[in-house]
Amino acid sequence: MNIQINDSLSIRGETYGVIGIITYCNPADNCVWQEYRLINHSDRREKWLSIDEHYREYSISEMVRYTSVPGYHLVDKGTQRVAGSKGNVDVDPGECAYFEEYEDQTEEYIFSVERWSDGTEYSTGYYLEPEEIINLGNTGQHTASPSGKKGCSAGCIAVMAVMLLPFILTAVGLGVLNFSSGIDKYLSDSVNYSYVTSVTGKEKQKANVYSTSYSVDEAAKDIINKIEGKTEGVQQNTEDGDSSIGIMTKKEYCLVYTSEEGGTLVQVSNRKYAYYNDSTPYHSRRHTHRYYRRFYYTMAYTKDSSRYRSGTSPYSSYDDTSLDTSISDAYKSYSSSIRQNSINTRSSSGGGTNFGK
């Protein structure tokens with residue numbers, strides 16, 4: 001994304017001005033990403049937009065005073081070095097900070113810690129889809145008072161966050177606020193799919209299996225439609241006489257396939273299960289298992305290997321071929337069309353999406 005100082009961005013119905021840019025590098029893997037200091041046009045609140053094109057991760061966050069969030073788990077840690085900066089930010093090239101990133105159980109919301117030489121900063125936020133970040137172009141200079149490493153004035157933001165945190169945590173626990181979403185939730189709620197079993201794997205992870213009267217084609221399109229085409233990868237097997245369809249999202253791995261008995265099954269898990277387990281999908285055929293492994297290795301393993309750093313993944317010794325992702329695929333095209341239709345619908349309604357996904 002080509003974002004510059006003084007550009008205005010539309011993110012989930014809110015408009016922000018870009019007042020600073022920091023380019024970071026992780027010395028461990030030489031990965032480079034950008035963080036943009038934003039100021040809200042309407043209420044002057046400051047936030048930070050993080051864009052990592054290499055790993056296709058996008059998030060928006062704001063600084064808070066509390067130092068931990070119950071129920072969140074560590075997903076990443078390391079060192080970030082400032083490779084460059086522009087605009088109103090309080091960092092210099094070469095400065096380094098130790099960082100930790102945590103996610104909630106839905107893997108939608110994040111809590112971050114940055115330990116600099118002169119202090120520690122905490123922030124909360126949530127992930128975005130890239131199409132939710134719309135550049136409106138240069139609309140003139142945006143101003144804000146200088147402050148910490150992330151330039152965020154934590155005053156009323158921190159007070160409000162602390163006041164609201166107990167309510168939010170209680171509401172989530174009681175199910176008042178339902179942040180859960182995704183393929184597995186849809187399948188478990190839909191009358192068109194029946195729960196069959198759960199497959200337990202390493203690292204206390206599991207995959208759920210559902211049966212359906214839909215064909216493999218109908219089930220895959222139905223699922224893609226329900227998640228509004230928000231896929232990181234989708235492709236059908238065209239080899240070995242197998243017609244399985246893999247669907248990868250930011251958080252889940254879903255395989256739609258024909259069982260040994262000839263019916264349609266859907267196996268879905270979070271990506272952490274897939275990273276630590278490459279076992280045969282429930283009642284699947286040999287070629288389906290091979291595709292299950294090849295699809296995950298091609299679409300997600302590299303990214304997940306930097307995310308799940310404890311334990312050992314069976315894909316570390318993967319010896320099969322990768323998929324050719326450049327081929328024309330009907331489900332990839334279908335997913336793109338559904339996603340674009342969803343964006344057009346939201347734009348024409350004049351509003352943004354709800355908090356979270």
# chains A, B, ... in the order shown; residues from 1 in each chain; ligands from 1
call {"tool": "residues_around", "arguments": {"residues": "A:Tyr126", "least_positions_apart": "4", "cutoff": "12 Å", "atoms": "only C-alpha atoms", "output": "ChimeraX atom specification"}}
result
/A:12,47-50,57-62,101-104,106-112,179,354-357
call {"tool": "select_by_dssp", "arguments": {"residues": "stretch 94-333 of chain A", "states": "helix (DSSP H, G or I)", "output": "compact mmCIF listing (two decimals) with C-alpha atoms, in the first residue's frame"}}
result
# COMPACT_ATOMS: atom_id res chain seq x y z
CA PRO A 130 -6.56 -5.06 3.53
CA GLU A 131 -9.68 -3.94 1.65
CA GLU A 132 -10.87 -2.19 4.82
CA GLY A 155 -4.96 10.58 28.50
CA CYS A 156 -8.69 10.08 28.00
CA ILE A 157 -8.11 7.00 25.85
CA ALA A 158 -6.46 5.15 28.71
CA VAL A 159 -9.06 6.26 31.24
CA MET A 160 -11.92 5.12 29.02
CA ALA A 161 -10.17 1.85 28.25
CA VAL A 162 -9.62 1.06 31.92
CA MET A 163 -13.24 1.92 32.73
CA LEU A 164 -14.63 -0.20 29.93
CA LEU A 165 -12.30 -3.21 30.24
CA PRO A 166 -14.18 -4.97 33.09
CA PHE A 167 -17.45 -4.59 31.17
CA ILE A 168 -15.96 -5.92 27.96
CA LEU A 169 -14.34 -8.92 29.63
CA THR A 170 -17.52 -9.74 31.56
CA ALA A 171 -19.68 -9.36 28.44
CA VAL A 172 -17.45 -11.66 26.45
CA GLY A 173 -17.53 -14.23 29.23
CA LEU A 174 -21.31 -14.10 29.39
CA ILE A 183 -16.10 -21.00 9.16
CA ASP A 184 -16.40 -23.30 12.17
CA LYS A 185 -19.01 -21.09 13.82
CA TYR A 186 -21.04 -20.97 10.62
CA LEU A 187 -20.91 -24.76 10.16
CA SER A 188 -21.90 -25.43 13.77
CA ASP A 189 -24.88 -23.04 13.51
CA LYS A 202 -0.74 -32.19 19.27
CA GLU A 203 -0.46 -29.00 21.34
CA LYS A 204 -4.03 -29.59 22.60
CA VAL A 216 -18.06 -30.55 -2.71
CA ASP A 217 -18.60 -27.69 -5.15
CA GLU A 218 -21.80 -26.48 -3.45
CA ALA A 219 -20.33 -26.67 0.06
CA ALA A 220 -17.17 -24.79 -0.88
CA LYS A 221 -19.10 -21.98 -2.57
CA ASP A 222 -21.54 -21.80 0.34
CA ILE A 223 -18.68 -21.40 2.83
CA ILE A 224 -16.88 -18.82 0.69
CA ASN A 225 -20.10 -16.86 0.40
CA LYS A 226 -20.73 -16.91 4.17
CA ARG A 271 -4.23 -22.72 11.69
CA LYS A 272 -2.41 -23.66 14.86
CA TYR A 273 -3.86 -27.18 14.59
CA ALA A 274 -2.70 -27.43 10.99
CA TYR A 275 0.79 -26.19 11.87
CA TYR A 276 1.33 -28.89 14.48
CA ARG A 286 -4.85 -41.06 0.36
CA HIS A 287 -4.73 -38.38 -2.34
CA THR A 288 -6.94 -36.12 -0.24
CA HIS A 289 -4.41 -36.36 2.59
CA ARG A 290 -1.61 -35.42 0.23
CA TYR A 291 -3.52 -32.37 -0.96
CA TYR A 292 -4.33 -31.38 2.62
CA ARG A 293 -0.59 -31.22 3.35
CA ARG A 294 0.43 -29.54 0.10
CA PHE A 295 -2.24 -26.85 0.40
CA TYR A 296 -1.28 -25.94 3.95
CA TYR A 297 2.46 -26.00 3.23
CA THR A 298 2.03 -23.72 0.19
CA MET A 299 -0.52 -21.29 1.61
CA ALA A 300 0.36 -20.91 5.27
CA TYR A 301 3.40 -22.75 6.64
CA THR A 302 5.99 -20.02 6.08
CA LYS A 303 3.85 -17.40 7.81
CA ASP A 304 2.77 -19.69 10.64
CA SER A 305 6.33 -20.84 11.35
CA PRO A 314 5.88 -31.90 11.01
CA TYR A 315 6.16 -29.52 8.05
CA SER A 316 9.73 -28.65 9.07
CA SER A 317 10.73 -31.86 7.26
CA ALA A 330 -12.68 -21.20 -10.38
CA TYR A 331 -12.93 -20.98 -6.59
CA LYS A 332 -10.23 -18.33 -6.37
CA SER A 333 -12.18 -16.25 -8.89
call {"tool": "residues_around", "arguments": {"residues": "A:Tyr36", "least_positions_apart": "4", "cutoff": "12 Å", "atoms": "only C-alpha atoms", "output": "PyMOL selection string"}}
result
chain A and resi 1-9+16-24+46-52+58-62+85-89+150-152
call {"tool": "atom_distance", "arguments": {"atom1": "atom CA of A:Ile327", "atom2": "atom CA of A:Gln340"}}
result
20.6 Å
call {"tool": "residues_around", "arguments": {"residues": "A:Thr15", "least_positions_apart": "5", "cutoff": "10 Å", "atoms": "only C-alpha atoms", "output": "number ranges by chain"}}
result
A: 8-10, 38-42, 134-136
call {"tool": "write_last_selection", "arguments": {"atoms": "N, CA and C atoms", "output": "PDB file, in the first residue's frame"}}
result
ATOM      1  N   SER A   8      -5.263  10.851   3.783  1.00  0.00           N
ATOM      2  CA  SER A   8      -6.399  10.516   4.633  1.00  0.00           C
ATOM      3  C   SER A   8      -6.817   9.090   4.333  1.00  0.00           C
ATOM      4  N   LEU A   9      -7.103   8.314   5.392  1.00  0.00           N
ATOM      5  CA  LEU A   9      -7.492   6.926   5.249  1.00  0.00           C
ATOM      6  C   LEU A   9      -8.882   6.712   5.825  1.00  0.00           C
ATOM      7  N   SER A  10      -9.674   5.912   5.141  1.00  0.00           N
ATOM      8  CA  SER A  10     -10.971   5.495   5.650  1.00  0.00           C
ATOM      9  C   SER A  10     -10.840   4.058   6.133  1.00  0.00           C
ATOM     10  N   LEU A  38      -1.812   7.784  13.157  1.00  0.00           N
ATOM     11  CA  LEU A  38      -3.032   8.356  12.608  1.00  0.00           C
ATOM     12  C   LEU A  38      -3.707   9.256  13.631  1.00  0.00           C
ATOM     13  N   ILE A  39      -4.438  10.255  13.127  1.00  0.00           N
ATOM     14  CA  ILE A  39      -5.295  11.061  13.985  1.00  0.00           C
ATOM     15  C   ILE A  39      -6.695  11.066  13.398  1.00  0.00           C
ATOM     16  N   ASN A  40      -7.677  10.754  14.238  1.00  0.00           N
ATOM     17  CA  ASN A  40      -9.057  10.683  13.785  1.00  0.00           C
ATOM     18  C   ASN A  40      -9.576  12.075  13.454  1.00  0.00           C
ATOM     19  N   HIS A  41     -10.187  12.231  12.281  1.00  0.00           N
ATOM     20  CA  HIS A  41     -10.677  13.533  11.857  1.00  0.00           C
ATOM     21  C   HIS A  41     -11.781  14.066  12.766  1.00  0.00           C
ATOM     22  N   SER A  42     -12.573  13.185  13.360  1.00  0.00           N
ATOM     23  CA  SER A  42     -13.745  13.649  14.117  1.00  0.00           C
ATOM     24  C   SER A  42     -13.463  13.875  15.598  1.00  0.00           C
ATOM     25  N   ILE A 134      -8.773   2.155   3.090  1.00  0.00           N
ATOM     26  CA  ILE A 134      -9.005   2.880   1.838  1.00  0.00           C
ATOM     27  C   ILE A 134      -8.272   4.219   1.885  1.00  0.00           C
ATOM     28  N   ASN A 135      -7.361   4.423   0.948  1.00  0.00           N
ATOM     29  CA  ASN A 135      -6.593   5.675   0.886  1.00  0.00           C
ATOM     30  C   ASN A 135      -7.383   6.717   0.107  1.00  0.00           C
ATOM     31  N   LEU A 136      -7.724   7.814   0.772  1.00  0.00           N
ATOM     32  CA  LEU A 136      -8.499   8.889   0.148  1.00  0.00           C
ATOM     33  C   LEU A 136      -7.608   9.940  -0.493  1.00  0.00           C
TER      34      LEU A 136
END
call {"tool": "residues_around", "arguments": {"residues": "stretch 245-249 of chain A", "least_positions_apart": "4", "cutoff": "6 Å", "atoms": "only C-alpha atoms", "output": "NGL selection string"}}
result
:A and (231-236 or 253-256)
call {"tool": "write_last_selection", "arguments": {"atoms": "all heavy atoms", "output": "PDB file, in the first residue's frame"}}
result
ATOM      1  N   THR A 231     -10.683 -14.829   2.005  1.00  0.00           N
ATOM      2  CA  THR A 231      -9.763 -15.951   2.007  1.00  0.00           C
ATOM      3  C   THR A 231      -8.341 -15.460   1.778  1.00  0.00           C
ATOM      4  O   THR A 231      -8.116 -14.476   1.074  1.00  0.00           O
ATOM      5  CB  THR A 231     -10.126 -16.963   0.908  1.00  0.00           C
ATOM      6  OG1 THR A 231     -10.044 -16.315  -0.369  1.00  0.00           O
ATOM      7  CG2 THR A 231     -11.536 -17.495   1.112  1.00  0.00           C
ATOM      8  N   GLU A 232      -7.388 -16.178   2.363  1.00  0.00           N
ATOM      9  CA  GLU A 232      -5.984 -15.910   2.055  1.00  0.00           C
ATOM     10  C   GLU A 232      -5.489 -16.861   0.978  1.00  0.00           C
ATOM     11  O   GLU A 232      -4.438 -16.647   0.393  1.00  0.00           O
ATOM     12  CB  GLU A 232      -5.132 -16.047   3.319  1.00  0.00           C
ATOM     13  CG  GLU A 232      -5.337 -14.910   4.300  1.00  0.00           C
ATOM     14  CD  GLU A 232      -4.143 -14.703   5.204  1.00  0.00           C
ATOM     15  OE1 GLU A 232      -3.314 -15.632   5.315  1.00  0.00           O
ATOM     16  OE2 GLU A 232      -4.031 -13.618   5.792  1.00  0.00           O
ATOM     17  N   GLY A 233      -6.258 -17.884   0.734  1.00  0.00           N
ATOM     18  CA  GLY A 233      -5.929 -18.834  -0.316  1.00  0.00           C
ATOM     19  C   GLY A 233      -7.081 -19.796  -0.494  1.00  0.00           C
ATOM     20  O   GLY A 233      -7.694 -20.228   0.487  1.00  0.00           O
ATOM     21  N   VAL A 234      -7.420 -20.109  -1.724  1.00  0.00           N
ATOM     22  CA  VAL A 234      -8.457 -21.104  -2.008  1.00  0.00           C
ATOM     23  C   VAL A 234      -8.131 -21.745  -3.350  1.00  0.00           C
ATOM     24  O   VAL A 234      -7.786 -21.057  -4.314  1.00  0.00           O
ATOM     25  CB  VAL A 234      -9.870 -20.473  -2.007  1.00  0.00           C
ATOM     26  CG1 VAL A 234      -9.973 -19.322  -2.991  1.00  0.00           C
ATOM     27  CG2 VAL A 234     -10.930 -21.530  -2.296  1.00  0.00           C
ATOM     28  N   GLN A 235      -8.211 -23.066  -3.400  1.00  0.00           N
ATOM     29  CA  GLN A 235      -7.840 -23.756  -4.630  1.00  0.00           C
ATOM     30  C   GLN A 235      -8.365 -25.191  -4.594  1.00  0.00           C
ATOM     31  O   GLN A 235      -8.455 -25.799  -3.527  1.00  0.00           O
ATOM     32  CB  GLN A 235      -6.316 -23.753  -4.796  1.00  0.00           C
ATOM     33  CG  GLN A 235      -5.829 -24.157  -6.176  1.00  0.00           C
ATOM     34  CD  GLN A 235      -4.372 -23.754  -6.391  1.00  0.00           C
ATOM     35  OE1 GLN A 235      -3.969 -22.646  -6.074  1.00  0.00           O
ATOM     36  NE2 GLN A 235      -3.580 -24.677  -6.920  1.00  0.00           N
ATOM     37  N   GLN A 236      -8.702 -25.706  -5.764  1.00  0.00           N
ATOM     38  CA  GLN A 236      -9.154 -27.090  -5.876  1.00  0.00           C
ATOM     39  C   GLN A 236      -8.033 -27.965  -6.398  1.00  0.00           C
ATOM     40  O   GLN A 236      -7.238 -27.549  -7.254  1.00  0.00           O
ATOM     41  CB  GLN A 236     -10.369 -27.194  -6.792  1.00  0.00           C
ATOM     42  CG  GLN A 236     -10.942 -28.609  -6.881  1.00  0.00           C
ATOM     43  CD  GLN A 236     -12.242 -28.675  -7.633  1.00  0.00           C
ATOM     44  OE1 GLN A 236     -12.444 -27.964  -8.615  1.00  0.00           O
ATOM     45  NE2 GLN A 236     -13.163 -29.517  -7.170  1.00  0.00           N
ATOM     46  N   TYR A 253      -8.184 -23.114   8.700  1.00  0.00           N
ATOM     47  CA  TYR A 253      -7.904 -23.947   7.527  1.00  0.00           C
ATOM     48  C   TYR A 253      -9.071 -24.912   7.370  1.00  0.00           C
ATOM     49  O   TYR A 253      -9.385 -25.686   8.275  1.00  0.00           O
ATOM     50  CB  TYR A 253      -6.597 -24.708   7.713  1.00  0.00           C
ATOM     51  CG  TYR A 253      -6.254 -25.658   6.573  1.00  0.00           C
ATOM     52  CD1 TYR A 253      -6.797 -25.498   5.294  1.00  0.00           C
ATOM     53  CD2 TYR A 253      -5.377 -26.710   6.771  1.00  0.00           C
ATOM     54  CE1 TYR A 253      -6.482 -26.362   4.257  1.00  0.00           C
ATOM     55  CE2 TYR A 253      -5.030 -27.588   5.744  1.00  0.00           C
ATOM     56  CZ  TYR A 253      -5.598 -27.407   4.493  1.00  0.00           C
ATOM     57  OH  TYR A 253      -5.278 -28.270   3.463  1.00  0.00           O
ATOM     58  N   CYS A 254      -9.704 -24.859   6.210  1.00  0.00           N
ATOM     59  CA  CYS A 254     -10.878 -25.682   5.930  1.00  0.00           C
ATOM     60  C   CYS A 254     -10.613 -26.525   4.690  1.00  0.00           C
ATOM     61  O   CYS A 254     -10.091 -26.029   3.687  1.00  0.00           O
ATOM     62  CB  CYS A 254     -12.089 -24.766   5.719  1.00  0.00           C
ATOM     63  SG  CYS A 254     -13.582 -25.611   5.158  1.00  0.00           S
ATOM     64  N   LEU A 255     -10.965 -27.793   4.763  1.00  0.00           N
ATOM     65  CA  LEU A 255     -10.866 -28.682   3.605  1.00  0.00           C
ATOM     66  C   LEU A 255     -12.226 -29.292   3.336  1.00  0.00           C
ATOM     67  O   LEU A 255     -12.849 -29.880   4.220  1.00  0.00           O
ATOM     68  CB  LEU A 255      -9.848 -29.795   3.861  1.00  0.00           C
ATOM     69  CG  LEU A 255      -9.560 -30.694   2.646  1.00  0.00           C
ATOM     70  CD1 LEU A 255      -8.685 -29.943   1.640  1.00  0.00           C
ATOM     71  CD2 LEU A 255      -8.873 -31.998   3.072  1.00  0.00           C
ATOM     72  N   VAL A 256     -12.699 -29.146   2.111  1.00  0.00           N
ATOM     73  CA  VAL A 256     -13.967 -29.737   1.679  1.00  0.00           C
ATOM     74  C   VAL A 256     -13.611 -30.905   0.762  1.00  0.00           C
ATOM     75  O   VAL A 256     -12.909 -30.713  -0.241  1.00  0.00           O
ATOM     76  CB  VAL A 256     -14.843 -28.707   0.933  1.00  0.00           C
ATOM     77  CG1 VAL A 256     -16.214 -29.304   0.633  1.00  0.00           C
ATOM     78  CG2 VAL A 256     -14.983 -27.426   1.741  1.00  0.00           C
TER      79      VAL A 256
END
call {"tool": "residues_around", "arguments": {"residues": "A:Ala28", "least_positions_apart": "3", "cutoff": "9 Å", "atoms": "only C-alpha atoms", "output": "list in words"}}
result
Cys25, Cys31, Gly78 and Thr79 of chain A
call {"tool": "residues_around", "arguments": {"residues": "A:Arg285", "least_positions_apart": "5", "cutoff": "10 Å", "atoms": "only C-alpha atoms", "output": "list in words"}}
result
Asp242, Tyr257, Thr258, Ser259, Glu260, Glu261, Thr280 and Arg290 of chain A
call {"tool": "write_last_selection", "arguments": {"atoms": "N, CA and C atoms", "output": "compact mmCIF listing (two decimals), in the first residue's frame"}}
result
# COMPACT_ATOMS: atom_id res chain seq x y z
N ASP A 242 -8.36 -36.37 -7.47
CA ASP A 242 -8.99 -35.87 -6.25
C ASP A 242 -9.52 -34.46 -6.50
N TYR A 257 -14.10 -32.11 1.08
CA TYR A 257 -13.63 -33.27 0.33
C TYR A 257 -14.68 -34.38 0.31
N THR A 258 -14.42 -35.36 -0.54
CA THR A 258 -15.28 -36.54 -0.62
C THR A 258 -14.71 -37.62 0.28
N SER A 259 -15.54 -38.16 1.16
CA SER A 259 -15.08 -39.16 2.12
C SER A 259 -14.88 -40.51 1.46
N GLU A 260 -14.32 -41.43 2.21
CA GLU A 260 -14.15 -42.80 1.72
C GLU A 260 -15.48 -43.44 1.36
N GLU A 261 -16.55 -42.99 2.05
CA GLU A 261 -17.88 -43.55 1.81
C GLU A 261 -18.61 -42.86 0.67
N THR A 280 -3.97 -37.48 8.60
CA THR A 280 -4.99 -37.68 7.57
C THR A 280 -6.34 -37.09 8.00
N ARG A 290 -2.76 -36.08 0.86
CA ARG A 290 -1.61 -35.42 0.23
C ARG A 290 -1.93 -33.96 -0.10
call {"tool": "closest_residue", "arguments": {"among": "A:Thr212, A:Asn30, A:Ser322, A:Thr197", "to": "A:Gln80", "atoms": "only C-alpha atoms"}}
result
A:Asn30
